[in-house]
>>> print(open('query_2.txt').read())   # compact mmCIF, N, CA and C atoms
# COMPACT_ATOMS: atom_id res chain seq x y z
N MET K 514 40.02 36.75 127.11
CA MET K 514 38.92 37.33 126.38
C MET K 514 38.76 38.79 126.81
N THR K 515 38.48 39.63 125.85
CA THR K 515 38.35 41.05 126.14
C THR K 515 36.89 41.45 126.13
N THR K 516 36.61 42.52 126.84
CA THR K 516 35.26 43.06 126.85
C THR K 516 35.26 44.37 126.09
N PRO K 517 34.21 44.65 125.35
CA PRO K 517 34.18 45.90 124.60
C PRO K 517 34.03 47.09 125.54
N THR K 518 34.61 48.17 125.15
CA THR K 518 34.52 49.40 125.92
C THR K 518 33.64 50.38 125.16
N VAL K 519 32.70 50.97 125.87
CA VAL K 519 31.79 51.92 125.25
C VAL K 519 32.14 53.32 125.74
N HIS K 520 32.34 54.24 124.79
CA HIS K 520 32.60 55.63 125.14
C HIS K 520 31.28 56.38 125.15
N THR K 521 30.99 57.00 126.26
CA THR K 521 29.71 57.67 126.37
C THR K 521 29.79 59.14 126.01
N THR K 522 30.94 59.79 126.25
CA THR K 522 31.04 61.21 125.95
C THR K 522 32.26 61.46 125.08
N PRO K 523 32.03 61.87 123.84
CA PRO K 523 33.19 62.18 122.99
C PRO K 523 33.84 63.47 123.48
N SER K 524 35.13 63.55 123.25
CA SER K 524 35.87 64.72 123.69
C SER K 524 36.65 65.29 122.52
N ASP K 525 36.71 66.62 122.45
CA ASP K 525 37.48 67.28 121.40
C ASP K 525 38.92 67.53 121.83
N ASP K 526 39.20 67.34 123.10
CA ASP K 526 40.54 67.58 123.61
C ASP K 526 41.45 66.41 123.21
N PRO K 527 42.52 66.69 122.43
CA PRO K 527 43.39 65.59 122.01
C PRO K 527 44.09 64.90 123.17
N ASP K 528 44.39 65.64 124.25
CA ASP K 528 45.02 65.02 125.40
C ASP K 528 44.05 64.04 126.07
N ALA K 529 42.79 64.42 126.12
CA ALA K 529 41.79 63.53 126.72
C ALA K 529 41.60 62.28 125.85
N VAL K 530 41.63 62.45 124.54
CA VAL K 530 41.50 61.31 123.63
C VAL K 530 42.69 60.37 123.80
N PHE K 531 43.89 60.94 123.91
CA PHE K 531 45.08 60.13 124.12
C PHE K 531 44.99 59.38 125.44
N ALA K 532 44.54 60.06 126.49
CA ALA K 532 44.40 59.43 127.80
C ALA K 532 43.37 58.30 127.75
N GLN K 533 42.27 58.52 127.03
CA GLN K 533 41.26 57.47 126.89
C GLN K 533 41.84 56.27 126.15
N ALA K 534 42.61 56.52 125.10
CA ALA K 534 43.22 55.43 124.35
C ALA K 534 44.20 54.65 125.22
N CYS K 535 44.96 55.35 126.04
CA CYS K 535 45.90 54.67 126.94
C CYS K 535 45.16 53.82 127.97
N ARG K 536 44.07 54.37 128.53
CA ARG K 536 43.28 53.60 129.49
C ARG K 536 42.68 52.37 128.83
N LEU K 537 42.23 52.50 127.59
CA LEU K 537 41.66 51.38 126.85
C LEU K 537 42.70 50.28 126.67
N ILE K 538 43.90 50.66 126.29
CA ILE K 538 44.97 49.68 126.11
C ILE K 538 45.32 49.04 127.44
N GLU K 539 45.40 49.85 128.50
CA GLU K 539 45.73 49.31 129.81
C GLU K 539 44.66 48.33 130.28
N THR K 540 43.41 48.68 130.06
CA THR K 540 42.31 47.86 130.55
C THR K 540 42.13 46.59 129.73
N GLU K 541 42.05 46.75 128.40
CA GLU K 541 41.70 45.60 127.57
C GLU K 541 42.89 44.72 127.22
N LEU K 542 44.07 45.29 127.13
CA LEU K 542 45.22 44.49 126.73
C LEU K 542 46.19 44.23 127.87
N GLY K 543 45.93 44.84 129.01
CA GLY K 543 46.80 44.62 130.16
C GLY K 543 48.15 45.31 130.01
N GLY K 544 48.22 46.27 129.14
CA GLY K 544 49.48 46.97 128.94
C GLY K 544 49.68 48.07 129.95
N ARG K 545 50.87 48.64 129.97
CA ARG K 545 51.16 49.76 130.84
C ARG K 545 51.73 50.91 130.03
N ARG K 546 51.36 52.09 130.40
CA ARG K 546 51.84 53.29 129.72
C ARG K 546 53.24 53.63 130.20
N LEU K 547 54.12 53.93 129.24
CA LEU K 547 55.46 54.36 129.60
C LEU K 547 55.40 55.81 130.02
N PRO K 548 56.08 56.15 131.08
CA PRO K 548 56.07 57.57 131.49
C PRO K 548 56.84 58.40 130.47
N THR K 549 56.34 59.61 130.22
CA THR K 549 57.04 60.51 129.32
C THR K 549 58.27 61.04 130.02
N GLU K 550 59.29 61.30 129.25
CA GLU K 550 60.53 61.81 129.82
C GLU K 550 60.31 63.23 130.31
N ALA K 551 60.53 63.43 131.56
CA ALA K 551 60.32 64.75 132.15
C ALA K 551 61.46 65.68 131.74
N ARG K 552 61.09 66.89 131.33
CA ARG K 552 62.10 67.90 131.01
C ARG K 552 62.61 68.50 132.30
N THR K 553 63.88 68.58 132.39
CA THR K 553 64.48 69.15 133.58
C THR K 553 65.23 70.41 133.18
N TRP K 554 65.64 71.16 134.17
CA TRP K 554 66.41 72.36 133.89
C TRP K 554 67.72 71.99 133.24
N LEU K 555 68.23 70.79 133.52
CA LEU K 555 69.49 70.36 132.93
C LEU K 555 69.34 70.09 131.44
N SER K 556 68.23 69.47 131.06
CA SER K 556 68.01 69.22 129.63
C SER K 556 67.77 70.54 128.88
N ASP K 557 67.09 71.50 129.53
CA ASP K 557 66.90 72.81 128.91
C ASP K 557 68.23 73.53 128.77
N LEU K 558 69.09 73.41 129.77
CA LEU K 558 70.40 74.03 129.72
C LEU K 558 71.25 73.42 128.61
N ALA K 559 71.18 72.11 128.47
CA ALA K 559 71.95 71.43 127.42
C ALA K 559 71.47 71.85 126.04
N ARG K 560 70.15 72.00 125.88
CA ARG K 560 69.61 72.44 124.59
C ARG K 560 70.04 73.87 124.29
N THR K 561 70.01 74.74 125.29
CA THR K 561 70.44 76.13 125.11
C THR K 561 71.91 76.18 124.73
N ARG K 562 72.71 75.37 125.39
CA ARG K 562 74.14 75.34 125.09
C ARG K 562 74.38 74.85 123.66
N ARG K 563 73.67 73.80 123.24
CA ARG K 563 73.80 73.31 121.86
C ARG K 563 73.38 74.39 120.86
N HIS K 564 72.29 75.10 121.18
CA HIS K 564 71.80 76.14 120.28
C HIS K 564 72.79 77.29 120.19
N LYS K 565 73.34 77.72 121.31
CA LYS K 565 74.31 78.81 121.29
C LYS K 565 75.56 78.41 120.51
N THR K 566 76.00 77.18 120.69
CA THR K 566 77.18 76.70 119.96
C THR K 566 76.91 76.69 118.46
N ALA K 567 75.75 76.19 118.07
CA ALA K 567 75.38 76.18 116.65
C ALA K 567 75.21 77.60 116.12
N PHE K 568 74.67 78.48 116.95
CA PHE K 568 74.47 79.88 116.56
C PHE K 568 75.82 80.58 116.37
N ILE K 569 76.77 80.33 117.25
CA ILE K 569 78.11 80.92 117.11
C ILE K 569 78.75 80.46 115.80
N THR K 570 78.64 79.17 115.52
CA THR K 570 79.19 78.63 114.27
C THR K 570 78.52 79.27 113.06
N ALA K 571 77.21 79.41 113.12
CA ALA K 571 76.48 80.00 112.01
C ALA K 571 76.81 81.48 111.83
N VAL K 572 76.95 82.21 112.93
CA VAL K 572 77.35 83.62 112.85
C VAL K 572 78.73 83.72 112.23
N TRP K 573 79.63 82.86 112.66
CA TRP K 573 80.99 82.85 112.13
C TRP K 573 80.97 82.61 110.61
N ASN K 574 80.08 81.71 110.14
CA ASN K 574 80.04 81.37 108.72
C ASN K 574 79.26 82.36 107.86
N THR K 575 78.29 83.06 108.43
CA THR K 575 77.41 83.89 107.60
C THR K 575 77.57 85.39 107.80
N CYS K 576 77.93 85.82 108.99
CA CYS K 576 77.97 87.27 109.27
C CYS K 576 79.37 87.86 109.17
N PHE K 577 80.36 87.03 108.98
CA PHE K 577 81.75 87.46 108.79
C PHE K 577 82.26 88.40 109.87
N PRO K 578 82.22 87.94 111.12
CA PRO K 578 82.83 88.74 112.19
C PRO K 578 84.34 88.70 112.04
N SER K 579 85.04 89.52 112.79
CA SER K 579 86.50 89.58 112.66
C SER K 579 87.18 88.36 113.27
N GLY K 580 86.47 87.61 114.10
CA GLY K 580 87.04 86.41 114.70
C GLY K 580 85.99 85.64 115.47
N VAL K 581 86.40 84.52 116.01
CA VAL K 581 85.48 83.68 116.78
C VAL K 581 85.02 84.40 118.05
N VAL K 582 85.92 85.16 118.64
CA VAL K 582 85.56 85.90 119.86
C VAL K 582 84.45 86.91 119.55
N GLU K 583 84.56 87.56 118.42
CA GLU K 583 83.51 88.51 118.04
C GLU K 583 82.20 87.79 117.75
N ALA K 584 82.27 86.61 117.14
CA ALA K 584 81.05 85.81 116.91
C ALA K 584 80.40 85.45 118.24
N CYS K 585 81.21 85.08 119.23
CA CYS K 585 80.68 84.78 120.57
C CYS K 585 80.04 86.01 121.19
N ARG K 586 80.68 87.16 121.04
CA ARG K 586 80.12 88.40 121.58
C ARG K 586 78.80 88.75 120.91
N VAL K 587 78.69 88.50 119.60
CA VAL K 587 77.44 88.76 118.89
C VAL K 587 76.34 87.87 119.44
N VAL K 588 76.62 86.60 119.60
CA VAL K 588 75.60 85.66 120.09
C VAL K 588 75.17 86.03 121.50
N GLU K 589 76.12 86.35 122.36
CA GLU K 589 75.77 86.72 123.74
C GLU K 589 74.96 88.02 123.77
N ALA K 590 75.23 88.93 122.86
CA ALA K 590 74.47 90.19 122.82
C ALA K 590 73.08 89.99 122.23
N VAL K 591 72.97 89.12 121.26
CA VAL K 591 71.70 88.91 120.55
C VAL K 591 70.75 88.01 121.33
N TYR K 592 71.29 87.00 121.98
CA TYR K 592 70.46 85.95 122.59
C TYR K 592 69.33 86.47 123.49
N PRO K 593 69.58 87.43 124.39
CA PRO K 593 68.48 87.89 125.26
C PRO K 593 67.37 88.64 124.51
N HIS K 594 67.65 89.08 123.29
CA HIS K 594 66.68 89.88 122.55
C HIS K 594 65.88 89.08 121.52
N LEU K 595 66.08 87.77 121.46
CA LEU K 595 65.30 86.95 120.54
C LEU K 595 63.87 86.85 121.06
N ASP K 596 62.92 86.72 120.15
CA ASP K 596 61.53 86.62 120.60
C ASP K 596 61.25 85.21 121.11
N ALA K 597 60.02 84.97 121.53
CA ALA K 597 59.66 83.68 122.15
C ALA K 597 59.86 82.51 121.20
N ALA K 598 59.73 82.76 119.90
CA ALA K 598 59.92 81.70 118.91
C ALA K 598 61.39 81.55 118.51
N GLY K 599 62.26 82.36 119.10
CA GLY K 599 63.68 82.28 118.78
C GLY K 599 64.06 83.03 117.52
N LEU K 600 63.24 83.99 117.13
CA LEU K 600 63.51 84.76 115.92
C LEU K 600 64.12 86.11 116.27
N CYS K 601 64.77 86.69 115.29
CA CYS K 601 65.47 87.95 115.47
C CYS K 601 64.49 89.11 115.61
N THR K 602 64.73 89.96 116.58
CA THR K 602 63.94 91.18 116.76
C THR K 602 64.81 92.37 116.38
N ASP K 603 64.21 93.55 116.35
CA ASP K 603 64.97 94.75 116.03
C ASP K 603 66.03 95.01 117.10
N ALA K 604 65.71 94.73 118.35
CA ALA K 604 66.69 94.91 119.42
C ALA K 604 67.86 93.95 119.25
N ALA K 605 67.59 92.72 118.81
CA ALA K 605 68.66 91.75 118.57
C ALA K 605 69.55 92.21 117.42
N LEU K 606 68.92 92.74 116.37
CA LEU K 606 69.69 93.25 115.24
C LEU K 606 70.56 94.43 115.67
N THR K 607 70.02 95.31 116.48
CA THR K 607 70.79 96.46 116.98
C THR K 607 71.97 95.99 117.82
N ALA K 608 71.76 94.98 118.65
CA ALA K 608 72.84 94.45 119.48
C ALA K 608 73.96 93.87 118.62
N ALA K 609 73.58 93.12 117.59
CA ALA K 609 74.57 92.55 116.68
C ALA K 609 75.27 93.65 115.89
N TRP K 610 74.49 94.60 115.42
CA TRP K 610 75.01 95.70 114.62
C TRP K 610 76.05 96.50 115.41
N ASN K 611 75.80 96.74 116.70
CA ASN K 611 76.73 97.51 117.52
C ASN K 611 78.08 96.81 117.69
N ILE K 612 78.08 95.49 117.62
CA ILE K 612 79.33 94.74 117.74
C ILE K 612 80.01 94.58 116.39
N LEU K 613 79.24 94.24 115.36
CA LEU K 613 79.83 93.99 114.04
C LEU K 613 80.30 95.26 113.35
N GLU K 614 79.59 96.34 113.54
CA GLU K 614 79.91 97.61 112.87
C GLU K 614 79.94 98.75 113.89
N PRO K 615 80.93 98.79 114.78
CA PRO K 615 80.93 99.81 115.83
C PRO K 615 81.14 101.23 115.31
N ASP K 616 81.73 101.39 114.15
CA ASP K 616 81.97 102.74 113.62
C ASP K 616 80.97 103.13 112.54
N ALA K 617 79.85 102.45 112.49
CA ALA K 617 78.86 102.70 111.44
C ALA K 617 78.24 104.10 111.54
N HIS K 618 78.31 104.71 112.70
CA HIS K 618 77.73 106.05 112.85
C HIS K 618 78.46 107.08 111.99
N THR K 619 79.64 106.75 111.51
CA THR K 619 80.38 107.69 110.64
C THR K 619 80.07 107.48 109.16
N TRP K 620 79.33 106.43 108.84
CA TRP K 620 79.03 106.12 107.44
C TRP K 620 77.89 107.00 106.94
N PRO K 621 77.77 107.15 105.61
CA PRO K 621 76.59 107.82 105.04
C PRO K 621 75.33 107.01 105.36
N GLU K 622 74.21 107.71 105.47
CA GLU K 622 72.96 107.06 105.90
C GLU K 622 72.55 105.92 104.97
N GLN K 623 72.67 106.09 103.68
CA GLN K 623 72.27 105.03 102.75
C GLN K 623 73.13 103.77 102.94
N LEU K 624 74.41 103.96 103.13
CA LEU K 624 75.31 102.82 103.36
C LEU K 624 74.98 102.12 104.67
N ARG K 625 74.70 102.91 105.71
CA ARG K 625 74.31 102.32 107.01
C ARG K 625 73.06 101.48 106.86
N HIS K 626 72.05 102.00 106.15
CA HIS K 626 70.78 101.30 105.98
C HIS K 626 71.00 99.98 105.23
N GLU K 627 71.77 100.02 104.15
CA GLU K 627 72.02 98.81 103.36
C GLU K 627 72.83 97.78 104.16
N ALA K 628 73.85 98.24 104.87
CA ALA K 628 74.67 97.32 105.67
C ALA K 628 73.86 96.71 106.80
N ARG K 629 72.99 97.47 107.43
CA ARG K 629 72.14 96.94 108.50
C ARG K 629 71.16 95.91 107.95
N ARG K 630 70.63 96.16 106.76
CA ARG K 630 69.72 95.20 106.13
C ARG K 630 70.45 93.89 105.85
N ILE K 631 71.67 93.99 105.34
CA ILE K 631 72.46 92.79 105.05
C ILE K 631 72.79 92.05 106.35
N THR K 632 73.12 92.78 107.40
CA THR K 632 73.40 92.17 108.70
C THR K 632 72.17 91.43 109.22
N GLY K 633 70.99 92.03 109.05
CA GLY K 633 69.75 91.37 109.47
C GLY K 633 69.51 90.07 108.72
N LYS K 634 69.77 90.07 107.42
CA LYS K 634 69.61 88.85 106.64
C LYS K 634 70.61 87.78 107.09
N CYS K 635 71.84 88.19 107.34
CA CYS K 635 72.87 87.25 107.81
C CYS K 635 72.49 86.66 109.17
N LEU K 636 72.00 87.52 110.05
CA LEU K 636 71.62 87.08 111.39
C LEU K 636 70.43 86.11 111.33
N ASN K 637 69.45 86.40 110.49
CA ASN K 637 68.31 85.49 110.34
C ASN K 637 68.75 84.16 109.74
N ARG K 638 69.66 84.18 108.79
CA ARG K 638 70.18 82.95 108.19
C ARG K 638 70.93 82.14 109.25
N ALA K 639 71.72 82.83 110.08
CA ALA K 639 72.46 82.15 111.15
C ALA K 639 71.51 81.50 112.16
N LEU K 640 70.44 82.22 112.51
CA LEU K 640 69.44 81.65 113.43
C LEU K 640 68.78 80.43 112.82
N ALA K 641 68.44 80.49 111.54
CA ALA K 641 67.81 79.34 110.87
C ALA K 641 68.75 78.14 110.87
N GLU K 642 70.03 78.39 110.60
CA GLU K 642 71.00 77.29 110.62
C GLU K 642 71.15 76.69 112.01
N ALA K 643 71.19 77.55 113.02
CA ALA K 643 71.31 77.07 114.40
C ALA K 643 70.08 76.27 114.81
N ASN K 644 68.89 76.77 114.46
CA ASN K 644 67.66 76.05 114.79
C ASN K 644 67.61 74.70 114.11
N THR K 645 68.05 74.64 112.86
CA THR K 645 68.07 73.37 112.14
C THR K 645 69.08 72.41 112.76
N ALA K 646 70.24 72.92 113.13
CA ALA K 646 71.27 72.07 113.74
C ALA K 646 70.79 71.47 115.06
N VAL K 647 70.11 72.26 115.85
CA VAL K 647 69.61 71.78 117.14
C VAL K 647 68.45 70.81 116.93
N ALA K 648 67.58 71.09 115.97
CA ALA K 648 66.46 70.20 115.70
C ALA K 648 66.94 68.85 115.17
N ASP K 649 68.03 68.84 114.40
CA ASP K 649 68.56 67.59 113.88
C ASP K 649 69.12 66.69 114.96
N HIS K 650 69.59 67.30 116.07
CA HIS K 650 70.18 66.52 117.15
C HIS K 650 69.23 66.28 118.31
N ALA K 651 67.99 66.72 118.18
CA ALA K 651 67.03 66.56 119.28
C ALA K 651 66.52 65.15 119.37
>>> encode(input="query_2.txt", output="structure tokens")
Amino acid sequence: MTTPTVHTTPSDDPDAVFAQACRLIETELGGRRLPTEARTWLSDLARTRRHKTAFITAVWNTCFPSGVVEACRVVEAVYPHLDAAGLCTDAALTAAWNILEPDAHTWPEQLRHEARRITGKCLNRALAEANTAVADHA
């Protein structure tokens, strides 16, 4: 037989509500809470490696580097300049641009601007593909 549980103070904190629900289940139903899987540096490293691999593949497919080695160089140059959400910044675009188009300084200004814009679109598309690939395997 179970006894009713009375909540005296409502809480707006979702974590507190979840904790209260878990305690209720533990108390009234005799259940036990499963521990959440702790994130370790190894799991973070594995996720980063999967993301970089997917990003290299996406750069290879969308940005048309001269080879796989150049795609790897682009990813290694861009990766430190991504923002906290993993999106392309101007510094990341410049890093990619310097590898993909090293002689662009000799081009006319209008051509440079258009090619840089296209490179930015390709890089953003590659990031979106890499993020999707990693999210699908998470």
>>> atom_distance(input="query_2.txt", atom1="atom N of Gly580 (chain K)", atom2="atom C of Leu613 (chain K)")
9.9 Å
>>> closest_residue(input="query_2.txt", among="K:Thr602, K:Cys635, K:Val647, K:Val591", to="Thr575 (chain K)", atoms="only N, CA and C atoms")
K:Cys635
>>> closest_residue(input="query_2.txt", among="K:Arg629, K:Phe568, K:Pro593, K:Ala598", to="Val581 (chain K)", atoms="only C-alpha atoms")
K:Phe568
>>> atom_distance(input="query_2.txt", atom1="CA of Leu600 (chain K)", atom2="CA of Asn637 (chain K)")
7.4 Å
>>> atom_distance(input="query_2.txt", atom1="atom C of Glu627 (chain K)", atom2="atom N of Cys601 (chain K)")
17.7 Å
>>> closest_residue(input="query_2.txt", among="K:Gln623, K:Thr561, K:Asn644, K:Asn611", to="Glu583 (chain K)", atoms="only C-alpha atoms")
K:Asn611
>>> select_by_dssp(input="query_2.txt", residues="region 547-643 of chain K", states="alpha helix (DSSP H)", output="JSON, numbers by chain")
{"K": [554, 555, 556, 557, 558, 559, 560, 561, 562, 563, 564, 565, 566, 567, 568, 569, 570, 571, 572, 573, 574, 575, 581, 582, 583, 584, 585, 586, 587, 588, 589, 590, 591, 603, 604, 605, 606, 607, 608, 609, 610, 611, 612, 613, 622, 623, 624, 625, 626, 627, 628, 629, 630, 631, 632, 633, 634, 635, 636, 637, 638, 639, 640, 641, 642, 643]}
>>> axis_aligned_box(input="query_2.txt", around="region 611-628 of chain K", padding_each_side="3 Å", output="AutoDock Vina command-line options")
--center_x 76.4 --center_y 100.9 --center_z 110.2 --size_x 17.2 --size_y 19.8 --size_z 21.0
>>> closest_residue(input="query_2.txt", among="K:Ala532, K:Ala597, K:Ala639, K:Leu606", to="Asn574 (chain K)", atoms="only N, CA and C atoms")
K:Ala639
>>> closest_residue(input="query_2.txt", among="K:Ala567, K:Leu640, K:Ala648, K:Ala534", to="Gly599 (chain K)", atoms="only N, CA and C atoms")
K:Leu640
